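Student: Could you have a look at this structure, given as structure tokens, before my questions?
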Amino acid sequence: MIGPDVVIDSRQATAGALFVAFSGERVDGHDFVPAAAANGAAAAVVQHPVEAGVPCLVVEDPQVALAALARHVVDTSPDLAVVGITGSSGKTSTKDLVAQVLRTDGPTVAPIGSFNNEIGAPLTATRCDDTTRYLVAEMGARGIGHVAYLCSVTPPTVAVVLNVGHAHLGEFGSQEAIARAKGELVEAIGPDGWAVLNGDDPRVSAMSERTGGHVARFAVHRRPLDGGEVLVWAEDVVADELDRHRFTLHIEDRTSLLTGGGGEIATSAFPVTLRQLGAHQVPNALAAAAAAYVLGLDAEAIARALSAAVGLSRWRMEITERPDGPVILNDSYNANPDSMASGLGTLGRIGDKRRARDPQARIWALLGDMLELGDDAAAEHRRIGALAAGLGVTDLLAIGEYAADIVAGAHDSHVDIRAEVVPDKFALTAAATPLGPADVVLVKASRGLALETVAADLAAAGPQASDAGQTGGAR
């Protein structure tokens with residue numbers, strides 16, 4: 001018996017697992033087939049024969065074989081609904097919210113972290129079985145056709161498009177190209193499927209013209225203006241002192257009216273209190289609510305599930321409240337201009353409230369490079385420096401190739417801010433030590449800079465510091 005686990009890391013092999021050997025730039029998975037077998041793997045998918053004491057299926061391309069296996073699992077899982085999620089930012093946190101809401105209704109499979117590429121997405125799909133009711137598929141893209149390929153592996157029942165921003169702008173060339181790529185998701189749904197679109201993003205809202213399925217829209221602060229069969233929005237949005245938002249969730253179901261069923265518009269409104277940090281979590285929650293509603297979940301149950309949901313993915317606006325007072329915001333998993341602006345907005349709002357109580361409070365932004373921005377990189381980093389200054393940051397420390405641009409942007413704003421370039425992560429930590437009892441610190445950069453170590457050092461710097469005060473806030 002082979003399965004149920006499918007792995008690409010020999011250390012994760014379990015009894016009966018199928019090991020898929022990939023040849024990478026630094027290591028060759030074929031060298032680890034014996035180790036996978038020793039850990040219990042019952043078979044391997046390889047590009048050339050390997051002596052490992054287990055059956056090996058030789059294929060031309062392990063990635064194609066993995067995708068075919070994933071598609072077979074999806075096609076043979078009875079009553080499986082697939083929720084595809086894409087966008088320039090917010091995919092992972094929305095994926096976590098959708099998964100937690102859907103789990104209240106039935107067995108749900110969702111990626112761990114950001115398994116959103118041509119390997120991670122099919123690996124996630126292979127975890128489905130006959131009991132799985134929902135598969136949540138996060139879909140990233142670095143070029144035209146990438147989302148379409150992922151949809152060929154896990155065809156979506158519901159297609160959620162969050163936003164069209166600046167992530168990977170250097171690879172796409174323009175936001176219009178990004179919109180073309182993200183819109184491949186809504187093109188993949190059938191006539192009975194649903195496109196869940198951000199009514200506050202014109203490029204996303206316009207994707208309704210590219211789908212043959214039903215359309216649901218969501219918006220913050222107002223009812224979506226562009227119409228749709230299901231409308232979802234938030235009103236009475238209020239944030240607490242740690243920028244966790246509560247709001248009234250409105251859902252308007254116009255399906256019966258628009259399809260000629262002769263019914264009436266169904267409306268509902270229920271309170272939601274989010275446990276994740278940041279105003280950007282409100283549209284993420286609305287997207288999750290819309291996806292769950294079109295899959296048949298009750299509006300009140302959706303509101304309860306959103307209020308109970310926590311951050312499941314690391315280093316995405318994680319908060320540590322140190323015993324001696326300072327607050328550390330670890331948003332170091334990745335960064336692009338849009339997510340950086342969201343993170344700085346959260347920092348500024350928390351900082352404003354802390355300074356209102358203690359004028360000595362300092363607002364720290366420890367920032368690193370935003371990668372893959374192409375020719376716009378320098379200008380985008382200068383813009384982020386100016387934004388930090390405008391949001392009331394008192395201490396800006398920058399690291400990386402574009403650190404000087406971040407600092408220059410802050411200085412060009414002509415506000416009172418300490419903005420400095422630091423040479424490395426050790427200097428970054430040292431420059432932010434010690435912290436005052438009312439200080440708040442944001443640590444954020446692209447994945448390549450690995451600033452989570454800085455955030456961890458700062459979180460542990462206080463007396464008797466522990467992670468007891470941490471709550472997840474994924475993005």
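A note on labels: chains of the structure tokens are A, B, ... as shown, every chain counts residues from 1, and ligands are counted from 1 in their shown order.
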Can you pull out the residues contacting Ala41 in chain A? Cut-off 12 Å, using only C-alpha atoms, and skip same-chain residues under 3 positions away; I want them as a PyMOL selection string.
Tutor: chain A and resi 1-21+32-38+44-45+52-56
Student: Take the residues just selected and output them with N, CA and C atoms as a tab-separated table (two decimals), in the first residue's frame.
Tutor:
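In the end it all went to selection37.tsv:
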chain	number	residue	atom	x	y	z
A	1	MET	N	0.85	-1.19	0.00
A	1	MET	CA	0.00	0.00	0.00
A	1	MET	C	0.88	1.24	0.00
A	2	ILE	N	0.61	2.14	-0.95
A	2	ILE	CA	1.36	3.39	-1.06
A	2	ILE	C	0.43	4.53	-0.66
A	3	GLY	N	0.94	5.41	0.19
A	3	GLY	CA	0.15	6.55	0.64
A	3	GLY	C	-0.20	6.43	2.11
A	4	PRO	N	-0.98	7.38	2.62
A	4	PRO	CA	-1.57	8.48	1.86
A	4	PRO	C	-0.65	9.68	1.64
A	5	ASP	N	0.48	9.75	2.36
A	5	ASP	CA	1.30	10.95	2.29
A	5	ASP	C	2.13	10.98	1.01
A	6	VAL	N	2.25	12.17	0.44
A	6	VAL	CA	3.14	12.44	-0.69
A	6	VAL	C	4.10	13.53	-0.23
A	7	VAL	N	5.41	13.29	-0.34
A	7	VAL	CA	6.40	14.22	0.20
A	7	VAL	C	7.50	14.45	-0.81
A	8	ILE	N	8.18	15.61	-0.67
A	8	ILE	CA	9.36	15.89	-1.48
A	8	ILE	C	10.59	16.06	-0.59
A	9	ASP	N	10.40	15.94	0.72
A	9	ASP	CA	11.48	16.04	1.69
A	9	ASP	C	11.59	14.67	2.37
A	10	SER	N	12.74	14.02	2.23
A	10	SER	CA	12.90	12.67	2.78
A	10	SER	C	12.68	12.64	4.28
A	11	ARG	N	12.94	13.76	4.96
A	11	ARG	CA	12.77	13.81	6.41
A	11	ARG	C	11.30	13.76	6.82
A	12	GLN	N	10.42	14.07	5.88
A	12	GLN	CA	8.99	14.06	6.17
A	12	GLN	C	8.31	12.76	5.75
A	13	ALA	N	9.07	11.83	5.23
A	13	ALA	CA	8.50	10.56	4.80
A	13	ALA	C	7.92	9.80	5.99
A	14	THR	N	6.77	9.20	5.78
A	14	THR	CA	6.10	8.39	6.79
A	14	THR	C	5.86	7.00	6.22
A	15	ALA	N	5.36	6.12	7.05
A	15	ALA	CA	5.10	4.76	6.59
A	15	ALA	C	4.14	4.77	5.41
A	16	GLY	N	4.58	4.20	4.30
A	16	GLY	CA	3.75	4.11	3.11
A	16	GLY	C	3.81	5.30	2.19
A	17	ALA	N	4.56	6.34	2.54
A	17	ALA	CA	4.56	7.59	1.78
A	17	ALA	C	5.14	7.39	0.38
A	18	LEU	N	4.71	8.27	-0.54
A	18	LEU	CA	5.30	8.36	-1.87
A	18	LEU	C	6.27	9.54	-1.87
A	19	PHE	N	7.53	9.29	-2.21
A	19	PHE	CA	8.55	10.33	-2.25
A	19	PHE	C	8.76	10.75	-3.70
A	20	VAL	N	8.63	12.05	-3.96
A	20	VAL	CA	8.86	12.58	-5.30
A	20	VAL	C	10.20	13.28	-5.31
A	21	ALA	N	11.12	12.80	-6.15
A	21	ALA	CA	12.49	13.31	-6.18
A	21	ALA	C	12.63	14.44	-7.19
A	32	PHE	N	18.39	11.34	-2.04
A	32	PHE	CA	17.72	11.14	-0.76
A	32	PHE	C	16.62	10.08	-0.82
A	33	VAL	N	16.52	9.39	-1.95
A	33	VAL	CA	15.53	8.32	-2.03
A	33	VAL	C	15.81	7.24	-0.98
A	34	PRO	N	17.06	6.80	-0.79
A	34	PRO	CA	17.31	5.81	0.28
A	34	PRO	C	16.91	6.31	1.66
A	35	ALA	N	17.15	7.60	1.93
A	35	ALA	CA	16.77	8.15	3.25
A	35	ALA	C	15.26	8.16	3.39
A	36	ALA	N	14.54	8.50	2.33
A	36	ALA	CA	13.08	8.47	2.38
A	36	ALA	C	12.59	7.06	2.64
A	37	ALA	N	13.22	6.09	1.96
A	37	ALA	CA	12.83	4.69	2.17
A	37	ALA	C	13.10	4.27	3.61
A	38	ALA	N	14.22	4.71	4.16
A	38	ALA	CA	14.55	4.35	5.54
A	38	ALA	C	13.54	4.93	6.52
A	44	ALA	N	8.90	5.71	-4.86
A	44	ALA	CA	9.43	7.01	-5.24
A	44	ALA	C	9.13	7.29	-6.70
A	45	VAL	N	8.96	8.57	-7.01
A	45	VAL	CA	8.85	9.03	-8.39
A	45	VAL	C	10.19	9.70	-8.72
A	52	ALA	N	17.27	1.84	-4.16
A	52	ALA	CA	16.85	2.31	-2.84
A	52	ALA	C	16.05	1.27	-2.07
A	53	GLY	N	15.82	0.11	-2.66
A	53	GLY	CA	15.08	-0.93	-1.96
A	53	GLY	C	13.57	-0.73	-1.98
A	54	VAL	N	13.09	0.27	-2.74
A	54	VAL	CA	11.65	0.48	-2.89
A	54	VAL	C	11.35	0.67	-4.37
A	55	PRO	N	10.13	0.39	-4.80
A	55	PRO	CA	9.79	0.60	-6.21
A	55	PRO	C	9.96	2.06	-6.61
A	56	CYS	N	10.49	2.28	-7.82
A	56	CYS	CA	10.68	3.63	-8.33
A	56	CYS	C	9.99	3.76	-9.69
Student: Write down as an MDAnalysis selection string the residues of range 83-264 of chain A whose backbone DSSP state falls under strand (DSSP E or B).
Tutor: chainID A and resid 83:86 108:109 134:138 158:161 194:198 214:220 230:239 244:253
Student: May I have the residues within 6 Å of range 357-368 of chain A as a PyMOL selection string, using only C-alpha atoms and disregarding those fewer than 2 positions away in the same chain?
Tutor: chain A and resi 351+354-355+393-400+438-445
Student: Please produce a file of those selected residues containing N, CA, C and O atoms, as a PDB file, in the first residue's frame.
Tutor:
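New file part-v8.pdb:
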ATOM      1  N   GLY A 351       1.005  53.037  17.284  1.00  0.00           N
ATOM      2  CA  GLY A 351       1.905  54.019  17.854  1.00  0.00           C
ATOM      3  C   GLY A 351       1.185  55.285  18.298  1.00  0.00           C
ATOM      4  O   GLY A 351       1.482  55.841  19.365  1.00  0.00           O
ATOM      5  N   ARG A 354      -0.457  54.634  21.581  1.00  0.00           N
ATOM      6  CA  ARG A 354       0.514  54.515  22.673  1.00  0.00           C
ATOM      7  C   ARG A 354       1.088  55.887  23.048  1.00  0.00           C
ATOM      8  O   ARG A 354       1.297  56.184  24.225  1.00  0.00           O
ATOM      9  N   ARG A 355       1.335  56.715  22.060  1.00  0.00           N
ATOM     10  CA  ARG A 355       1.880  58.040  22.348  1.00  0.00           C
ATOM     11  C   ARG A 355       0.846  58.941  23.016  1.00  0.00           C
ATOM     12  O   ARG A 355       1.202  59.850  23.770  1.00  0.00           O
ATOM     13  N   VAL A 393       6.363  57.602  12.345  1.00  0.00           N
ATOM     14  CA  VAL A 393       7.489  56.793  12.816  1.00  0.00           C
ATOM     15  C   VAL A 393       8.567  57.727  13.363  1.00  0.00           C
ATOM     16  O   VAL A 393       8.927  58.725  12.735  1.00  0.00           O
ATOM     17  N   THR A 394       9.072  57.404  14.536  1.00  0.00           N
ATOM     18  CA  THR A 394      10.115  58.238  15.146  1.00  0.00           C
ATOM     19  C   THR A 394      11.515  57.733  14.843  1.00  0.00           C
ATOM     20  O   THR A 394      12.461  58.516  14.783  1.00  0.00           O
ATOM     21  N   ASP A 395      11.643  56.411  14.663  1.00  0.00           N
ATOM     22  CA  ASP A 395      12.952  55.792  14.430  1.00  0.00           C
ATOM     23  C   ASP A 395      12.833  54.811  13.276  1.00  0.00           C
ATOM     24  O   ASP A 395      12.128  53.794  13.379  1.00  0.00           O
ATOM     25  N   LEU A 396      13.506  55.108  12.173  1.00  0.00           N
ATOM     26  CA  LEU A 396      13.488  54.239  10.997  1.00  0.00           C
ATOM     27  C   LEU A 396      14.903  53.718  10.759  1.00  0.00           C
ATOM     28  O   LEU A 396      15.828  54.507  10.536  1.00  0.00           O
ATOM     29  N   LEU A 397      15.068  52.417  10.819  1.00  0.00           N
ATOM     30  CA  LEU A 397      16.351  51.772  10.563  1.00  0.00           C
ATOM     31  C   LEU A 397      16.186  50.875   9.351  1.00  0.00           C
ATOM     32  O   LEU A 397      15.289  50.034   9.303  1.00  0.00           O
ATOM     33  N   ALA A 398      17.064  51.053   8.356  1.00  0.00           N
ATOM     34  CA  ALA A 398      16.911  50.339   7.087  1.00  0.00           C
ATOM     35  C   ALA A 398      18.144  49.511   6.792  1.00  0.00           C
ATOM     36  O   ALA A 398      19.276  49.907   7.093  1.00  0.00           O
ATOM     37  N   ILE A 399      17.919  48.358   6.154  1.00  0.00           N
ATOM     38  CA  ILE A 399      18.986  47.429   5.830  1.00  0.00           C
ATOM     39  C   ILE A 399      18.773  46.906   4.416  1.00  0.00           C
ATOM     40  O   ILE A 399      17.636  46.778   3.961  1.00  0.00           O
ATOM     41  N   GLY A 400      19.871  46.652   3.714  1.00  0.00           N
ATOM     42  CA  GLY A 400      19.750  46.060   2.392  1.00  0.00           C
ATOM     43  C   GLY A 400      20.209  46.974   1.277  1.00  0.00           C
ATOM     44  O   GLY A 400      20.664  48.109   1.491  1.00  0.00           O
ATOM     45  N   ALA A 438       6.793  51.864  26.408  1.00  0.00           N
ATOM     46  CA  ALA A 438       5.626  52.152  25.563  1.00  0.00           C
ATOM     47  C   ALA A 438       5.953  52.063  24.076  1.00  0.00           C
ATOM     48  O   ALA A 438       5.106  52.356  23.241  1.00  0.00           O
ATOM     49  N   ASP A 439       7.164  51.616  23.739  1.00  0.00           N
ATOM     50  CA  ASP A 439       7.588  51.577  22.342  1.00  0.00           C
ATOM     51  C   ASP A 439       6.860  50.476  21.563  1.00  0.00           C
ATOM     52  O   ASP A 439       6.445  49.452  22.126  1.00  0.00           O
ATOM     53  N   VAL A 440       6.747  50.682  20.255  1.00  0.00           N
ATOM     54  CA  VAL A 440       6.199  49.670  19.363  1.00  0.00           C
ATOM     55  C   VAL A 440       7.115  49.576  18.152  1.00  0.00           C
ATOM     56  O   VAL A 440       7.601  50.586  17.639  1.00  0.00           O
ATOM     57  N   VAL A 441       7.400  48.342  17.708  1.00  0.00           N
ATOM     58  CA  VAL A 441       8.395  48.092  16.670  1.00  0.00           C
ATOM     59  C   VAL A 441       7.778  47.229  15.573  1.00  0.00           C
ATOM     60  O   VAL A 441       7.176  46.184  15.856  1.00  0.00           O
ATOM     61  N   LEU A 442       7.951  47.639  14.318  1.00  0.00           N
ATOM     62  CA  LEU A 442       7.599  46.807  13.163  1.00  0.00           C
ATOM     63  C   LEU A 442       8.878  46.317  12.506  1.00  0.00           C
ATOM     64  O   LEU A 442       9.786  47.106  12.225  1.00  0.00           O
ATOM     65  N   VAL A 443       8.946  45.012  12.246  1.00  0.00           N
ATOM     66  CA  VAL A 443      10.071  44.420  11.519  1.00  0.00           C
ATOM     67  C   VAL A 443       9.517  43.831  10.229  1.00  0.00           C
ATOM     68  O   VAL A 443       8.669  42.926  10.259  1.00  0.00           O
ATOM     69  N   LYS A 444       9.992  44.351   9.070  1.00  0.00           N
ATOM     70  CA  LYS A 444       9.404  43.900   7.805  1.00  0.00           C
ATOM     71  C   LYS A 444      10.401  44.031   6.655  1.00  0.00           C
ATOM     72  O   LYS A 444      11.094  45.047   6.528  1.00  0.00           O
ATOM     73  N   ALA A 445      10.435  43.005   5.811  1.00  0.00           N
ATOM     74  CA  ALA A 445      11.264  43.007   4.601  1.00  0.00           C
ATOM     75  C   ALA A 445      10.863  41.798   3.772  1.00  0.00           C
ATOM     76  O   ALA A 445      10.081  40.952   4.208  1.00  0.00           O
TER      77      ALA A 445
END
Student: Name all residues at most 7 Å from Gly199 in chain A (count only C-alpha atoms; drop same-chain ones fewer than 2 positions away) and give them as JSON, numbers by chain.
Tutor: {"A": [197, 201, 202, 205, 217, 218, 219, 224, 226]}
Student: Extract, using only C-alpha atoms, all DNA, RNA and protein residues at most 10 Å from Thr76 in chain A, discarding same-chain residues fewer than 5 positions from it, and format them as JSON, numbers by chain.
Tutor: {"A": [70, 71, 128, 129, 130]}
Student: Counting only C-alpha atoms, which of A:Val220, A:Leu97, A:Val415, A:Ile144 gets nearest to Gly183 in chain A?
Tutor: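 For Gly183 in chain A, the nearest of the given residues is A:Ile144.
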Student: Where does DSSP see alpha helix (DSSP H) in range 135-353 of chain A, if you list the residues as JSON, numbers by chain?
Tutor: {"A": [146, 147, 148, 149, 150, 151, 152, 153, 169, 170, 171, 172, 175, 176, 177, 178, 179, 180, 181, 182, 184, 185, 186, 187, 202, 203, 204, 205, 255, 256, 257, 258, 281, 282, 283, 284, 285, 286, 287, 288, 289, 290, 291, 292, 293, 294, 299, 300, 301, 302, 303, 304, 305, 306, 307, 308, 337, 338, 339, 340, 341, 342, 343, 344, 345, 346, 347, 348, 349, 350, 351, 352, 353]}
Student: Would you mind exporting C-alpha atoms of the selected residues as an mmCIF file, in the first residue's frame?
Tutor:
data_model
loop_
_atom_site.group_PDB
_atom_site.id
_atom_site.type_symbol
_atom_site.label_atom_id
_atom_site.label_comp_id
_atom_site.auth_asym_id
_atom_site.auth_seq_id
_atom_site.Cartn_x
_atom_site.Cartn_y
_atom_site.Cartn_z
ATOM 1 C CA HIS A 146 0.979 30.561 -13.844
ATOM 2 C CA VAL A 147 -2.472 30.828 -12.247
ATOM 3 C CA ALA A 148 -4.058 29.080 -15.240
ATOM 4 C CA TYR A 149 -1.628 26.191 -14.751
ATOM 5 C CA LEU A 150 -2.490 25.883 -11.053
ATOM 6 C CA CYS A 151 -6.195 25.917 -11.977
ATOM 7 C CA SER A 152 -5.552 22.984 -14.316
ATOM 8 C CA VAL A 153 -4.289 21.055 -11.283
ATOM 9 C CA LEU A 169 6.081 44.189 -10.641
ATOM 10 C CA GLY A 170 9.599 43.729 -11.979
ATOM 11 C CA GLU A 171 8.623 40.391 -13.483
ATOM 12 C CA PHE A 172 5.208 41.402 -14.824
ATOM 13 C CA GLN A 175 -0.222 46.303 -13.006
ATOM 14 C CA GLU A 176 -2.276 45.613 -16.116
ATOM 15 C CA ALA A 177 -0.204 42.499 -16.721
ATOM 16 C CA ILE A 178 -0.654 41.490 -13.085
ATOM 17 C CA ALA A 179 -4.421 41.870 -13.523
ATOM 18 C CA ARG A 180 -4.337 39.671 -16.622
ATOM 19 C CA ALA A 181 -2.509 36.987 -14.666
ATOM 20 C CA LYS A 182 -4.701 37.122 -11.555
ATOM 21 C CA GLU A 184 -6.955 33.660 -15.024
ATOM 22 C CA LEU A 185 -8.509 32.345 -11.810
ATOM 23 C CA VAL A 186 -12.011 33.608 -12.579
ATOM 24 C CA GLU A 187 -11.722 32.349 -16.149
ATOM 25 C CA PRO A 202 -11.354 48.508 -9.964
ATOM 26 C CA ARG A 203 -8.996 46.077 -11.705
ATOM 27 C CA VAL A 204 -10.408 43.191 -9.706
ATOM 28 C CA SER A 205 -14.035 44.251 -9.965
ATOM 29 C CA THR A 255 -29.537 35.274 -6.273
ATOM 30 C CA SER A 256 -33.219 34.439 -6.415
ATOM 31 C CA LEU A 257 -34.140 37.888 -7.685
ATOM 32 C CA LEU A 258 -31.517 38.046 -10.440
ATOM 33 C CA GLN A 281 -7.528 42.013 7.653
ATOM 34 C CA VAL A 282 -11.028 43.470 7.197
ATOM 35 C CA PRO A 283 -11.182 42.925 3.405
ATOM 36 C CA ASN A 284 -9.515 39.550 3.881
ATOM 37 C CA ALA A 285 -12.288 38.572 6.293
ATOM 38 C CA LEU A 286 -14.964 39.846 3.900
ATOM 39 C CA ALA A 287 -13.483 37.764 1.090
ATOM 40 C CA ALA A 288 -13.537 34.711 3.350
ATOM 41 C CA ALA A 289 -17.136 35.435 4.336
ATOM 42 C CA ALA A 290 -18.226 35.740 0.710
ATOM 43 C CA ALA A 291 -16.485 32.503 -0.283
ATOM 44 C CA ALA A 292 -18.038 30.597 2.609
ATOM 45 C CA TYR A 293 -21.498 32.035 1.970
ATOM 46 C CA VAL A 294 -21.627 31.056 -1.713
ATOM 47 C CA ALA A 299 -24.124 34.025 7.702
ATOM 48 C CA GLU A 300 -24.262 33.903 11.495
ATOM 49 C CA ALA A 301 -22.000 30.843 11.581
ATOM 50 C CA ILE A 302 -19.547 32.635 9.291
ATOM 51 C CA ALA A 303 -19.434 35.647 11.615
ATOM 52 C CA ARG A 304 -18.783 33.406 14.630
ATOM 53 C CA ALA A 305 -16.018 31.527 12.820
ATOM 54 C CA LEU A 306 -14.293 34.735 11.708
ATOM 55 C CA SER A 307 -14.335 36.030 15.273
ATOM 56 C CA ALA A 308 -12.743 32.797 16.496
ATOM 57 C CA PRO A 337 4.878 48.095 -1.602
ATOM 58 C CA ASP A 338 1.256 47.296 -0.754
ATOM 59 C CA SER A 339 1.914 45.007 2.197
ATOM 60 C CA MET A 340 4.616 47.384 3.444
ATOM 61 C CA ALA A 341 2.090 50.230 3.410
ATOM 62 C CA SER A 342 -0.390 48.055 5.314
ATOM 63 C CA GLY A 343 2.203 47.125 7.913
ATOM 64 C CA LEU A 344 3.288 50.727 8.402
ATOM 65 C CA GLY A 345 -0.347 51.782 8.699
ATOM 66 C CA THR A 346 -0.868 49.279 11.499
ATOM 67 C CA LEU A 347 2.335 50.446 13.196
ATOM 68 C CA GLY A 348 1.268 54.073 12.954
ATOM 69 C CA ARG A 349 -2.189 53.482 14.418
ATOM 70 C CA ILE A 350 -0.841 51.455 17.335
ATOM 71 C CA GLY A 351 1.905 54.019 17.854
ATOM 72 C CA ASP A 352 -0.520 56.941 17.878
ATOM 73 C CA LYS A 353 -2.569 55.328 20.641
#
Student: Write out as a list of chain:residue names each polymer residue whose atoms come within 9 Å of Ala309 in chain A, counting only C-alpha atoms; drop sequence neighbours fewer than 6 positions from it.
Tutor: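 Once the nearby chain positions are removed, what remains is A:Asp96, A:Leu97, A:Gln100, A:Val101, A:Leu274, A:Arg275, A:Gln276.
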Student: Can you write out the residues you just picked, keeping N, CA and C atoms, as a JSON list (two decimals), in the first residue's frame?
Tutor:
[["chain", "number", "residue", "atom", "x", "y", "z"],
["A", 96, "ASP", "N", -5.96, 31.29, 5.38],
["A", 96, "ASP", "CA", -6.11, 30.81, 6.75],
["A", 96, "ASP", "C", -7.52, 31.08, 7.28],
["A", 97, "LEU", "N", -8.06, 32.25, 6.96],
["A", 97, "LEU", "CA", -9.42, 32.57, 7.41],
["A", 97, "LEU", "C", -10.45, 31.67, 6.74],
["A", 100, "GLN", "N", -10.39, 28.16, 8.23],
["A", 100, "GLN", "CA", -10.97, 28.04, 9.58],
["A", 100, "GLN", "C", -12.49, 28.17, 9.55],
["A", 101, "VAL", "N", -13.02, 29.01, 8.65],
["A", 101, "VAL", "CA", -14.47, 29.11, 8.53],
["A", 101, "VAL", "C", -15.05, 27.81, 7.96],
["A", 274, "LEU", "N", -12.31, 40.61, 14.91],
["A", 274, "LEU", "CA", -11.14, 39.88, 14.42],
["A", 274, "LEU", "C", -10.04, 39.82, 15.48],
["A", 275, "ARG", "N", -9.31, 38.73, 15.47],
["A", 275, "ARG", "CA", -8.20, 38.55, 16.39],
["A", 275, "ARG", "C", -6.85, 38.89, 15.74],
["A", 276, "GLN", "N", -6.85, 39.10, 14.41],
["A", 276, "GLN", "CA", -5.62, 39.46, 13.70],
["A", 276, "GLN", "C", -5.46, 40.96, 13.65]]
Student: Got a sec: who's within 8 Å of Leu277 in chain A, counting only C-alpha atoms, leaving out chain neighbours fewer than 5 positions off, as a list of chain:residue names?
Tutor: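 Once the adjacent positions are removed, what remains is A:Leu242, A:Asp243, A:Arg244, A:His245, A:Met317, A:Thr346, A:Gly473.
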Student: What is the CA of Thr211 in chain A to CA of Ala159 in chain A distance in Å?
Tutor: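 According to the coordinates, CA of Thr211 in chain A and CA of Ala159 in chain A are separated by 9.8 Å.
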Student: What's the separation between CA of Arg223 in chain A and CA of Glu209 in chain A, in Å to one decimal place?
Tutor: 20.0 Å
Student: Closest to Glu318 in chain A among A:Asp200, A:Glu452, A:Asp369, A:Glu401, using only C-alpha atoms?
Tutor: A:Glu452
Student: Tell me which of A:Gly84, A:Pro326, A:Gly113, A:Gly278 sits closest to Ser313 in chain A, counting only C-alpha atoms.
Tutor: A:Gly113
Student: In terms of the shortest atom-to-atom distance over only C-alpha atoms, which of A:Glu264, A:Asp424, A:Gly213, A:Ala430 is closest to Leu449 in chain A?
Tutor: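 Smallest separation from Leu449 in chain A among the options: A:Asp424.
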Student: Grab the CA of Ser23 in chain A to CA of Ser114 in chain A distance for me, in Å with one decimal place.
Tutor: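 Between CA of Ser23 in chain A and CA of Ser114 in chain A the gap is 21.1 Å.
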